[in-house]
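Engineer: My structure file my_file24.csv, CSV, C-alpha atoms, is below:
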chain,number,residue,atom,x,y,z
G,185,MET,CA,0.0,0.0,0.0
G,186,GLU,CA,1.5,3.3,-1.1
G,187,LYS,CA,0.2,6.8,-0.8
G,188,VAL,CA,-0.8,8.5,-4.0
G,189,THR,CA,0.7,11.9,-3.9
G,190,ARG,CA,0.9,13.7,-7.3
G,191,THR,CA,-2.1,15.3,-8.8
G,192,LEU,CA,-2.4,16.6,-12.4
G,193,GLY,CA,-4.7,19.3,-13.7
G,194,TYR,CA,-5.9,19.0,-17.3
G,195,ILE,CA,-7.4,22.0,-19.2
G,196,LEU,CA,-9.2,21.6,-22.4
G,197,ILE,CA,-11.0,24.2,-24.5
G,198,GLU,CA,-12.7,23.1,-27.6
G,199,GLU,CA,-14.4,24.8,-30.5
G,200,GLU,CA,-16.9,22.8,-32.5
G,201,LYS,CA,-19.5,24.1,-34.9
G,202,GLU,CA,-18.9,27.7,-33.7
G,203,ARG,CA,-19.5,26.6,-30.1
G,204,PHE,CA,-16.8,27.1,-27.4
G,205,GLN,CA,-16.7,24.9,-24.4
G,206,GLY,CA,-14.1,24.3,-21.7
G,207,ALA,CA,-13.3,21.6,-19.2
G,208,ALA,CA,-10.9,21.0,-16.4
G,209,MET,CA,-10.1,17.7,-14.8
G,210,ILE,CA,-7.9,16.9,-11.8
G,211,THR,CA,-6.6,13.4,-11.6
G,212,ASP,CA,-4.3,11.5,-9.3
G,213,SER,CA,-1.2,9.9,-10.6
G,214,ARG,CA,-3.1,6.8,-11.7
G,215,GLY,CA,-5.4,8.9,-13.9
G,216,ILE,CA,-8.4,8.5,-11.6
G,217,PRO,CA,-10.4,11.7,-11.7
G,218,LEU,CA,-10.7,13.7,-8.5
G,219,ASP,CA,-12.6,16.7,-9.9
G,220,PHE,CA,-14.1,17.6,-13.2
G,221,ARG,CA,-15.6,21.0,-14.2
G,222,TYR,CA,-17.0,22.0,-17.4
G,223,THR,CA,-18.7,25.1,-18.9
G,224,ASP,CA,-21.9,25.3,-20.8
G,225,PRO,CA,-21.2,25.8,-24.5
G,226,VAL,CA,-20.9,29.4,-25.6
G,227,ARG,CA,-22.2,30.2,-29.1
G,228,PRO,CA,-21.6,33.7,-30.1
G,229,THR,CA,-24.2,35.3,-32.4
G,230,ARG,CA,-23.4,36.6,-35.8
G,231,LEU,CA,-23.7,40.1,-34.4
G,232,GLU,CA,-21.2,39.3,-31.6
G,233,ARG,CA,-18.8,37.8,-34.2
G,234,VAL,CA,-18.9,41.0,-36.2
G,235,LEU,CA,-18.5,43.3,-33.2
G,236,TYR,CA,-15.7,41.4,-31.5
G,237,GLY,CA,-14.0,40.5,-34.7
G,238,GLU,CA,-10.7,38.6,-34.4
G,239,ALA,CA,-10.6,39.3,-30.7
G,240,LEU,CA,-13.6,37.1,-30.1
G,241,GLU,CA,-11.9,33.7,-29.9
G,242,ILE,CA,-9.1,35.0,-27.6
G,243,TYR,CA,-11.7,36.8,-25.4
G,244,LEU,CA,-13.8,33.7,-25.1
G,245,ARG,CA,-10.9,31.3,-24.4
G,246,GLU,CA,-9.0,33.4,-22.0
G,247,GLU,CA,-11.4,35.7,-20.3
G,248,ILE,CA,-14.6,33.7,-20.2
G,249,LEU,CA,-13.9,30.0,-20.3
G,250,LEU,CA,-10.4,29.7,-18.8
G,251,LYS,CA,-11.0,32.2,-15.9
G,252,ASN,CA,-14.3,30.6,-14.9
G,253,LEU,CA,-12.9,27.1,-15.0
G,254,LEU,CA,-9.9,27.9,-12.9
G,255,LYS,CA,-12.1,29.7,-10.4
G,256,ALA,CA,-14.4,26.6,-10.2
G,257,VAL,CA,-11.7,24.0,-9.6
G,258,GLU,CA,-11.3,23.2,-5.9
G,259,ILE,CA,-8.2,21.1,-6.0
G,260,ARG,CA,-4.8,22.8,-6.9
G,261,PRO,CA,-2.8,20.2,-8.8
G,262,HIS,CA,1.0,19.8,-8.7
G,263,LEU,CA,1.2,20.3,-12.4
G,264,TRP,CA,-1.2,21.7,-15.0
G,265,LEU,CA,-1.2,20.3,-18.5
G,266,CYS,CA,-2.8,21.6,-21.7
G,267,ARG,CA,-2.5,20.5,-25.3
G,268,ASP,CA,-3.2,23.8,-27.1
G,269,ARG,CA,-0.5,26.3,-27.7
G,270,GLU,CA,-3.1,29.1,-27.5
G,271,LEU,CA,-3.7,28.1,-23.8
G,272,LEU,CA,-0.2,27.8,-22.6
G,273,GLN,CA,0.9,31.4,-22.1
G,274,PRO,CA,-2.6,32.6,-21.0
G,275,LEU,CA,-2.6,29.9,-18.3
G,276,ALA,CA,0.8,31.1,-17.1
G,277,ASP,CA,-0.3,34.7,-17.2
G,278,GLN,CA,-3.3,33.9,-15.0
G,279,GLY,CA,-1.0,32.6,-12.3
G,280,VAL,CA,-1.4,28.9,-13.1
G,281,HIS,CA,2.0,27.3,-12.1
G,282,PRO,CA,3.6,25.1,-13.1
G,283,VAL,CA,2.0,24.5,-16.5
G,284,VAL,CA,3.2,22.7,-19.6
G,285,MET,CA,1.8,21.9,-23.0
G,286,ILE,CA,2.1,18.2,-23.8
G,287,GLU,CA,1.7,16.5,-27.2
G,288,GLN,CA,2.1,13.0,-28.6
G,289,THR,CA,4.6,12.7,-31.4
G,290,GLY,CA,5.4,10.3,-34.1
G,291,TYR,CA,9.1,10.3,-33.6
G,292,ALA,CA,11.1,7.2,-33.0
G,293,PRO,CA,11.7,6.5,-29.3
G,294,LEU,CA,14.8,8.0,-27.7
G,295,GLU,CA,17.4,5.6,-26.4
G,296,ASN,CA,16.6,5.8,-22.7
G,297,VAL,CA,13.7,6.6,-20.4
G,298,GLY,CA,14.1,10.1,-19.0
G,299,GLN,CA,16.2,11.2,-22.0
G,300,THR,CA,15.4,14.7,-23.3
G,301,GLN,CA,16.1,16.3,-26.6
G,302,PRO,CA,15.7,20.1,-27.2
G,303,GLN,CA,13.3,21.1,-30.0
G,304,GLY,CA,13.8,24.0,-32.2
G,305,GLU,CA,10.9,26.1,-31.1
G,306,GLY,CA,11.8,28.0,-27.9
G,307,ALA,CA,11.1,26.1,-24.7
G,308,SER,CA,10.1,22.7,-26.2
G,309,PHE,CA,11.8,19.4,-25.7
G,310,LEU,CA,11.2,15.8,-26.4
G,311,LEU,CA,10.9,13.5,-23.4
G,312,GLN,CA,11.1,9.7,-23.5
G,313,ALA,CA,8.6,9.2,-20.7
G,314,ASP,CA,8.4,5.4,-20.7
G,315,PRO,CA,10.1,2.5,-22.4
G,316,VAL,CA,7.4,1.6,-24.9
G,317,SER,CA,6.1,4.7,-26.6
G,318,ALA,CA,7.0,7.6,-28.8
G,319,PRO,CA,8.6,10.6,-27.0
G,320,LEU,CA,6.3,13.3,-25.8
G,321,ARG,CA,6.8,16.9,-26.8
G,322,VAL,CA,6.8,19.2,-23.7
G,323,THR,CA,6.6,22.9,-24.0
G,324,THR,CA,6.9,25.4,-21.2
G,325,PRO,CA,5.7,29.0,-21.2
G,326,GLU,CA,7.9,32.0,-20.8
G,327,GLY,CA,9.2,32.1,-17.3
G,328,GLY,CA,7.9,28.6,-16.7
G,329,PRO,CA,9.5,25.6,-15.0
G,330,GLY,CA,12.8,24.4,-16.1
G,331,VAL,CA,13.4,21.0,-17.7
G,332,ASP,CA,15.2,19.8,-14.6
G,333,ASP,CA,12.2,20.5,-12.4
G,334,LEU,CA,9.7,19.1,-14.8
G,335,VAL,CA,11.2,15.8,-15.9
G,336,PRO,CA,11.2,14.0,-12.6
G,337,VAL,CA,7.5,14.8,-12.0
G,338,LEU,CA,6.5,13.7,-15.6
G,339,LEU,CA,8.5,10.5,-15.3
G,340,GLU,CA,7.0,9.7,-12.0
G,341,VAL,CA,3.5,10.1,-13.3
G,342,ALA,CA,4.2,8.4,-16.6
G,343,ARG,CA,5.0,5.2,-14.7
G,344,SER,CA,1.4,4.8,-13.7
G,345,MET,CA,-0.7,6.5,-16.3
G,346,GLU,CA,-0.6,7.7,-19.9
G,347,LEU,CA,0.1,11.4,-19.7
G,348,VAL,CA,-2.1,12.6,-22.6
G,349,GLU,CA,-4.9,10.1,-22.2
G,350,PRO,CA,-7.1,12.2,-19.8
G,351,PHE,CA,-7.8,14.6,-22.7
G,352,VAL,CA,-9.6,11.8,-24.5
G,353,ARG,CA,-11.8,11.2,-21.4
G,354,MET,CA,-12.5,14.9,-21.0
G,355,ARG,CA,-13.7,15.1,-24.6
G,356,ARG,CA,-15.9,12.0,-24.0
G,357,ALA,CA,-17.4,13.6,-20.8
G,358,LEU,CA,-18.2,16.8,-22.8
G,359,GLU,CA,-20.0,14.7,-25.4
G,360,ILE,CA,-22.0,13.0,-22.6
G,361,VAL,CA,-23.0,16.5,-21.2
G,362,GLY,CA,-24.1,17.5,-24.7
G,363,GLU,CA,-26.2,14.4,-25.1
G,364,ASP,CA,-27.8,14.9,-21.7
G,365,ARG,CA,-28.7,18.5,-22.7
G,366,ARG,CA,-30.3,17.3,-25.9
G,367,ASP,CA,-32.3,14.7,-24.0
G,368,ASP,CA,-33.7,17.3,-21.5
Z,264,MET,CA,-18.2,67.2,-112.8
Z,265,THR,CA,-15.0,68.9,-114.0
Z,266,THR,CA,-12.3,67.3,-116.0
Z,267,GLU,CA,-10.2,67.1,-112.9
Z,268,GLY,CA,-13.0,65.5,-111.0
Z,269,ARG,CA,-13.6,62.9,-113.7
Z,270,PHE,CA,-9.9,62.1,-113.9
Z,271,SER,CA,-9.8,61.6,-110.1
Z,272,ALA,CA,-12.8,59.3,-110.2
Z,273,LEU,CA,-11.3,57.3,-113.1
Z,274,THR,CA,-8.0,57.0,-111.3
Z,275,SER,CA,-9.8,55.8,-108.2
Z,276,ARG,CA,-11.8,53.2,-110.2
Z,277,LEU,CA,-8.7,51.9,-112.0
Z,278,ALA,CA,-6.9,51.7,-108.7
Z,279,ARG,CA,-9.7,49.7,-107.1
Z,280,PHE,CA,-9.9,47.5,-110.2
Z,281,PHE,CA,-6.2,46.7,-110.5
Z,282,ALA,CA,-4.8,47.1,-107.1
Z,283,GLY,CA,-7.9,46.5,-104.9
Z,284,ARG,CA,-7.4,49.7,-103.1
Z,285,VAL,CA,-10.3,51.4,-101.5
Z,286,PRO,CA,-9.9,55.1,-100.7
Z,287,VAL,CA,-10.2,55.8,-97.0
Z,288,ARG,CA,-11.5,59.2,-96.1
Z,289,GLN,CA,-11.6,61.0,-92.8
Z,290,LEU,CA,-15.0,61.6,-91.4
Z,291,GLU,CA,-15.4,65.1,-90.3
Z,292,ILE,CA,-16.7,65.6,-86.8
Z,293,SER,CA,-19.4,68.1,-86.4
Z,294,PRO,CA,-17.9,71.2,-84.7
Z,295,ARG,CA,-21.0,71.5,-82.5
Z,296,PRO,CA,-20.4,69.7,-79.2
Z,297,PRO,CA,-23.2,67.3,-78.0
Z,298,GLN,CA,-25.7,69.0,-75.8
Z,299,VAL,CA,-26.2,67.4,-72.4
Z,300,THR,CA,-29.5,68.1,-70.8
Z,301,LYS,CA,-29.6,68.0,-67.0
Z,302,LEU,CA,-32.6,66.1,-65.7
Z,303,ASN,CA,-33.7,67.3,-62.4
Z,304,ALA,CA,-34.9,64.1,-60.8
Z,305,LEU,CA,-36.3,65.8,-57.7
Z,306,ARG,CA,-38.8,67.7,-59.8
Z,307,ALA,CA,-40.1,64.7,-61.6
Z,308,LEU,CA,-43.7,64.1,-60.9
Z,309,PRO,CA,-44.7,60.6,-59.8
Z,310,SER,CA,-45.8,58.4,-62.6
Z,311,ILE,CA,-49.5,57.5,-62.3
Z,312,SER,CA,-50.9,54.5,-64.2
Z,313,ARG,CA,-53.8,55.3,-66.4
Z,314,LEU,CA,-57.3,53.9,-66.0
Z,315,CYS,CA,-56.7,52.8,-62.5
Z,316,LEU,CA,-59.5,53.2,-60.0
Z,317,GLU,CA,-57.2,53.3,-57.1
Z,318,PRO,CA,-54.4,55.6,-57.6
Z,319,ARG,CA,-51.2,53.7,-57.4
Z,320,VAL,CA,-48.0,55.6,-56.8
Z,321,ARG,CA,-45.3,53.8,-58.8
Z,322,LYS,CA,-42.5,56.2,-57.9
Z,323,ALA,CA,-42.4,58.9,-55.3
Z,324,ARG,CA,-39.9,60.7,-53.2
Z,325,CYS,CA,-40.6,60.9,-49.5
Z,326,LEU,CA,-39.5,64.5,-49.4
Z,327,GLU,CA,-42.2,65.5,-51.8
Z,328,TRP,CA,-45.1,63.6,-50.3
Z,329,SER,CA,-46.2,66.5,-48.2
Z,330,ARG,CA,-46.5,68.8,-51.3
Z,331,LEU,CA,-47.8,66.6,-54.1
Z,332,ALA,CA,-51.3,65.5,-54.9
Z,333,VAL,CA,-51.4,62.1,-56.3
Z,334,LYS,CA,-54.2,61.6,-58.9
Z,335,THR,CA,-55.1,59.5,-61.9
Z,336,SER,CA,-55.1,61.2,-65.3
Z,337,ALA,CA,-58.4,59.4,-66.3
Z,338,ILE,CA,-61.5,61.4,-67.0
Z,339,GLY,CA,-64.9,61.3,-65.4
Z,340,ALA,CA,-65.9,58.5,-63.1
Z,341,LEU,CA,-62.6,56.8,-63.4
Z,342,ARG,CA,-60.8,59.9,-62.0
Z,343,CYS,CA,-59.6,59.4,-58.5
Z,344,GLU,CA,-57.6,61.6,-56.3
Z,345,ALA,CA,-55.7,60.8,-53.2
Z,346,ALA,CA,-54.0,63.1,-50.8
Z,347,CYS,CA,-50.5,62.3,-49.5
Z,348,ARG,CA,-49.9,63.1,-45.9
Z,349,HIS,CA,-46.6,64.1,-44.6
Z,350,VAL,CA,-45.4,61.8,-41.8
Z,351,PRO,CA,-42.5,63.4,-39.9
Z,352,PHE,CA,-39.9,60.8,-39.0
Z,353,ALA,CA,-38.9,62.8,-36.0
Z,354,GLY,CA,-42.1,61.9,-34.3
Z,355,LYS,CA,-41.3,58.2,-34.3
Z,356,GLU,CA,-39.8,56.5,-31.3
Z,357,ALA,CA,-37.0,54.0,-31.8
Z,358,THR,CA,-36.5,51.1,-29.5
Z,359,VAL,CA,-33.0,50.5,-28.5
Z,360,ARG,CA,-32.1,46.9,-28.3
Z,361,GLN,CA,-29.0,45.3,-26.7
Z,362,GLY,CA,-27.0,43.6,-29.5
Z,363,VAL,CA,-24.2,42.2,-27.3
Z,364,ARG,CA,-24.7,40.8,-23.9
Z,365,PRO,CA,-21.7,40.0,-21.7
Z,366,PHE,CA,-20.8,36.3,-22.0
Z,367,SER,CA,-21.1,34.5,-18.8
Z,368,VAL,CA,-20.4,30.9,-18.0
Z,369,THR,CA,-20.1,29.1,-14.7
Z,370,GLY,CA,-17.9,26.1,-14.1
Z,371,ARG,CA,-20.3,23.2,-13.6
Z,372,LYS,CA,-19.5,20.0,-11.7
Z,373,PHE,CA,-19.8,16.7,-13.5
Z,374,ASP,CA,-21.4,13.9,-11.6
Z,375,GLU,CA,-18.5,12.1,-10.0
Z,376,LYS,CA,-20.0,8.6,-10.4
Z,377,ARG,CA,-20.5,9.0,-14.1
Z,378,LEU,CA,-17.0,10.4,-14.5
Z,379,ARG,CA,-15.5,7.5,-12.8
Z,380,ALA,CA,-17.6,5.2,-15.0
Z,381,LEU,CA,-15.7,6.5,-18.0
Z,382,PRO,CA,-12.9,4.0,-18.7
Z,383,GLN,CA,-9.3,5.0,-19.3
Z,384,GLU,CA,-7.9,4.1,-22.6
Z,385,ARG,CA,-4.6,2.3,-23.2
Z,386,SER,CA,-3.4,2.3,-26.8
Z,387,ASN,CA,-1.6,-0.7,-28.2
Z,388,ARG,CA,2.2,0.0,-28.0
Z,389,VAL,CA,3.4,-3.3,-29.5
Z,390,ARG,CA,5.2,-1.5,-32.3
Z,391,TYR,CA,7.5,0.2,-29.7
Z,392,LEU,CA,8.5,-3.2,-28.2
Z,393,GLY,CA,10.9,-3.9,-31.1
Z,394,ASP,CA,13.4,-6.7,-30.6
Z,395,ARG,CA,13.5,-6.2,-26.8
Z,396,TRP,CA,11.4,-9.3,-26.1
Z,397,ARG,CA,10.6,-12.2,-28.4
Z,398,PRO,CA,8.8,-15.0,-26.6
Z,399,GLN,CA,9.6,-18.6,-27.7
Z,400,GLY,CA,6.8,-20.2,-29.8
Z,401,ALA,CA,4.5,-17.1,-29.5
Z,402,SER,CA,4.1,-13.7,-31.0
Z,403,VAL,CA,3.0,-10.6,-29.2
Z,404,LEU,CA,-0.2,-9.1,-30.6
Z,405,ALA,CA,-0.7,-6.3,-28.2
Z,406,LEU,CA,1.0,-4.4,-25.4
Z,407,PHE,CA,-0.8,-2.1,-23.1
Z,408,SER,CA,1.1,-0.1,-20.5
Z,409,PRO,CA,1.1,1.2,-17.8
Z,410,ILE,CA,-1.8,-0.3,-15.9
Z,411,ILE,CA,-2.2,-0.3,-12.2
Z,412,LYS,CA,-3.1,-4.0,-12.1
Z,413,ASP,CA,-4.5,-4.0,-8.6
Z,414,SER,CA,-6.7,-1.0,-9.2
Z,415,LEU,CA,-8.2,-2.5,-12.3
Z,416,PHE,CA,-11.7,-4.0,-11.8
Z,417,LYS,CA,-12.9,-4.3,-15.4
Z,418,SER,CA,-11.3,-4.2,-18.8
Z,419,ALA,CA,-12.4,-4.6,-22.4
Z,420,LEU,CA,-10.7,-4.7,-25.7
Z,421,ASP,CA,-12.1,-2.2,-28.1
Z,422,LYS,CA,-12.0,-4.1,-31.4
Z,423,ARG,CA,-12.7,-1.0,-33.4
Z,424,THR,CA,-9.6,1.0,-32.2
Z,425,GLY,CA,-7.5,-1.8,-30.8
Z,426,SER,CA,-7.3,0.0,-27.5
Z,427,LEU,CA,-7.9,-1.5,-24.0
Z,428,LEU,CA,-10.6,0.2,-22.0
Z,429,CYS,CA,-9.7,0.1,-18.3
Z,430,TRP,CA,-12.2,0.8,-15.4
Z,431,MET,CA,-10.2,1.6,-12.3
Z,432,ASP,CA,-11.3,1.3,-8.7
Z,433,PRO,CA,-11.0,4.7,-7.1
Z,434,ALA,CA,-11.0,3.2,-3.7
Z,435,SER,CA,-7.9,1.2,-4.4
Z,436,ARG,CA,-4.6,2.7,-3.2
Z,437,ALA,CA,-2.4,0.4,-5.3
Z,438,THR,CA,0.2,2.1,-7.3
Z,439,ASP,CA,2.4,-0.6,-8.9
Z,440,PRO,CA,2.4,-0.4,-12.6
Z,441,PHE,CA,2.3,-3.4,-15.0
Z,442,SER,CA,2.3,-4.0,-18.7
Z,443,LEU,CA,-0.4,-6.3,-20.1
Z,444,LEU,CA,0.6,-8.4,-23.2
Z,445,LEU,CA,-1.6,-10.3,-25.5
Z,446,LEU,CA,0.2,-13.4,-27.0
Z,447,ARG,CA,-0.7,-15.8,-29.7
Z,448,ARG,CA,0.8,-19.3,-28.9
Z,449,ARG,CA,1.7,-21.1,-32.1
Z,450,ASP,CA,1.5,-24.5,-30.6
Z,451,ALA,CA,-1.8,-24.1,-28.7
Z,452,LYS,CA,-4.7,-25.0,-31.1
Z,453,ASP,CA,-7.6,-24.7,-28.7
Z,454,GLN,CA,-6.8,-21.5,-26.9
Z,455,PRO,CA,-4.0,-19.7,-28.9
Z,456,LEU,CA,-4.5,-16.3,-27.2
Z,457,GLU,CA,-3.1,-15.6,-23.8
Z,458,TRP,CA,-2.9,-12.5,-21.6
Z,459,LEU,CA,0.2,-11.9,-19.5
Z,460,TRP,CA,1.0,-9.4,-16.8
Z,461,PHE,CA,4.5,-8.0,-16.5
Z,462,PRO,CA,5.6,-5.7,-13.7
Z,463,LEU,CA,7.3,-2.6,-14.9
Z,464,SER,CA,10.8,-2.2,-13.7
Z,465,GLY,CA,11.6,0.7,-11.5
Z,466,GLU,CA,14.0,2.5,-13.9
Using the file provided, produce a representation of the structure as structure tokens.

Structural biologist:
Amino acid sequence: MEKVTRTLGYILIEEEKERFQGAAMITDSRGIPLDFRYTDPVRPTRLERVLYGEALEIYLREEILLKNLLKAVEIRPHLWLCRDRELLQPLADQGVHPVVMIEQTGYAPLENVGQTQPQGEGASFLLQADPVSAPLRVTTPEGGPGVDDLVPVLLEVARSMELVEPFVRMRRALEIVGEDRRDD
Amino acid sequence: MTTEGRFSALTSRLARFFAGRVPVRQLEISPRPPQVTKLNALRALPSISRLCLEPRVRKARCLEWSRLAVKTSAIGALRCEAACRHVPFAGKEATVRQGVRPFSVTGRKFDEKRLRALPQERSNRVRYLGDRWRPQGASVLALFSPIIKDSLFKSALDKRTGSLLCWMDPASRATDPFSLLLLRRRDAKDQPLEWLWFPLSGE
């Protein structure tokens, strides 16, 4: 019997058919959900699209969905993860620390577990998180955590769960919420 | 026609007959410039259709409604007149509507039981196994990792995606990760498929 210590916070904001919806899920290091919050979908009218112009998407993502989700989450995780580049810096700017963007890649596995390889774009690096998978691409925001601080946490958690898998479940949960709304 | 004129005409005919030439002359433009008449549209009277019992205004300008009488040009009983009344726009009240309302959302909580009923997915990672492990007399069909074996209370293979769906027991405190392999035994005819658990090393 061991004590489960690490918690991860996943943030997802999706746009589908001109509707914006967000979700946040906190899991333990086995991927078991501890908290899940979601927003109702926001569908801007044509008039709002015209008036807000190009700022609409940024405004909805950052000011409306992200802020409200973060406000609603009760558990503060050890590490926040997102998979959209557009969310990474806004999360850091809103005081969410530490936060990383994590993506699956199609690269050949690196030689050793824990090995990192810097990527061309700024603060991105490849990480071989476990022995039987492609390396993950991890990106940190400006002023975010360093590789040396991040890698031990990610390796520890990757031993007991798939790091990017919770995004799939969050998407499924949002689909269920949508189905429930249609049934009502 | 003068002799000179006749000679010129003859020369021209001969030239056309033998050489196929046609004289080209310049067309003189009239020195008088074309006259442009300015049509004052504002003064135009509305056009009224003839033999119409009810006067129908085909074209009119709002500005002139207060000054113009609209009537048919028919005679006698068919003649009909209608007075146009001036309706000042300033007297109308306009309702102001709110075009943009502030977006507001609240973070809703998803039912915990339903959330935990959603299985975790493990994708098949057999292609990353490479030559690291080749079992004797068997081939590895699938490799799912990592799975907390002692927290798993139900699993199902999704035949559509090839992923393993794992339902975990949230009450369990187990943390030891395992890999789950699906083998095909070449020598076993009755039950060639076999599932095997392997503990993950602590590296």

Engineer: Tell me the residues of chain G close to chain Z, meaning within 9 Å using only C-alpha atoms, as a PyMOL selection string.

Structural biologist: chain G and resi 185-188+206-208+213-226+228-229+231-232+235+244+248-249+252-257+292-293+297+314-318+342-346+349-350+352-353+356-357+361

Engineer: By how many Å are CA of Ser426 (chain Z) and CA of Phe461 (chain Z) apart?

Structural biologist: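 CA of Ser426 (chain Z) sits 18.0 Å away from CA of Phe461 (chain Z).
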
Engineer: To one decimal place in Å, what is the distance between CA of Arg227 (chain G) and CA of Leu240 (chain G)?

Structural biologist: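 Rounded to one decimal, the two atoms are 11.1 Å apart.
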
Engineer: Just checking: using all atoms listed in the file, which residue out of G:His281, G:Lys201, G:Arg321, G:Arg233 ends up closest to Pro261 (chain G)?

Structural biologist: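 Under the stated criterion, the closest residue is G:His281.
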
Engineer: In Å to one decimal, how far is CA of Lys417 (chain Z) from CA of Asp450 (chain Z)?

Structural biologist: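 About the pair CA of Asp450 (chain Z) and CA of Lys417 (chain Z): they are 29.1 Å apart.
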
Engineer: What residues have an atom no more than 7 Å from (1.7, 15.4, -8.7) in the file's own frame, counting all atoms listed in the file, and can you write them as a PyMOL selection string?

Structural biologist: chain G and resi 189-192+213+261-263+337

Engineer: Counting all atoms listed in the file, find residues at most 9 Å from (-3.8, 30.2, -11.1) (file frame) and give them as a list of chain:residue names.

Structural biologist: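 The requested residues, written out, are G:Lys251, G:Leu254, G:Lys255, G:Arg260, G:Leu275, G:Ala276, G:Asp277, G:Gln278, G:Gly279, G:Val280, G:His281.
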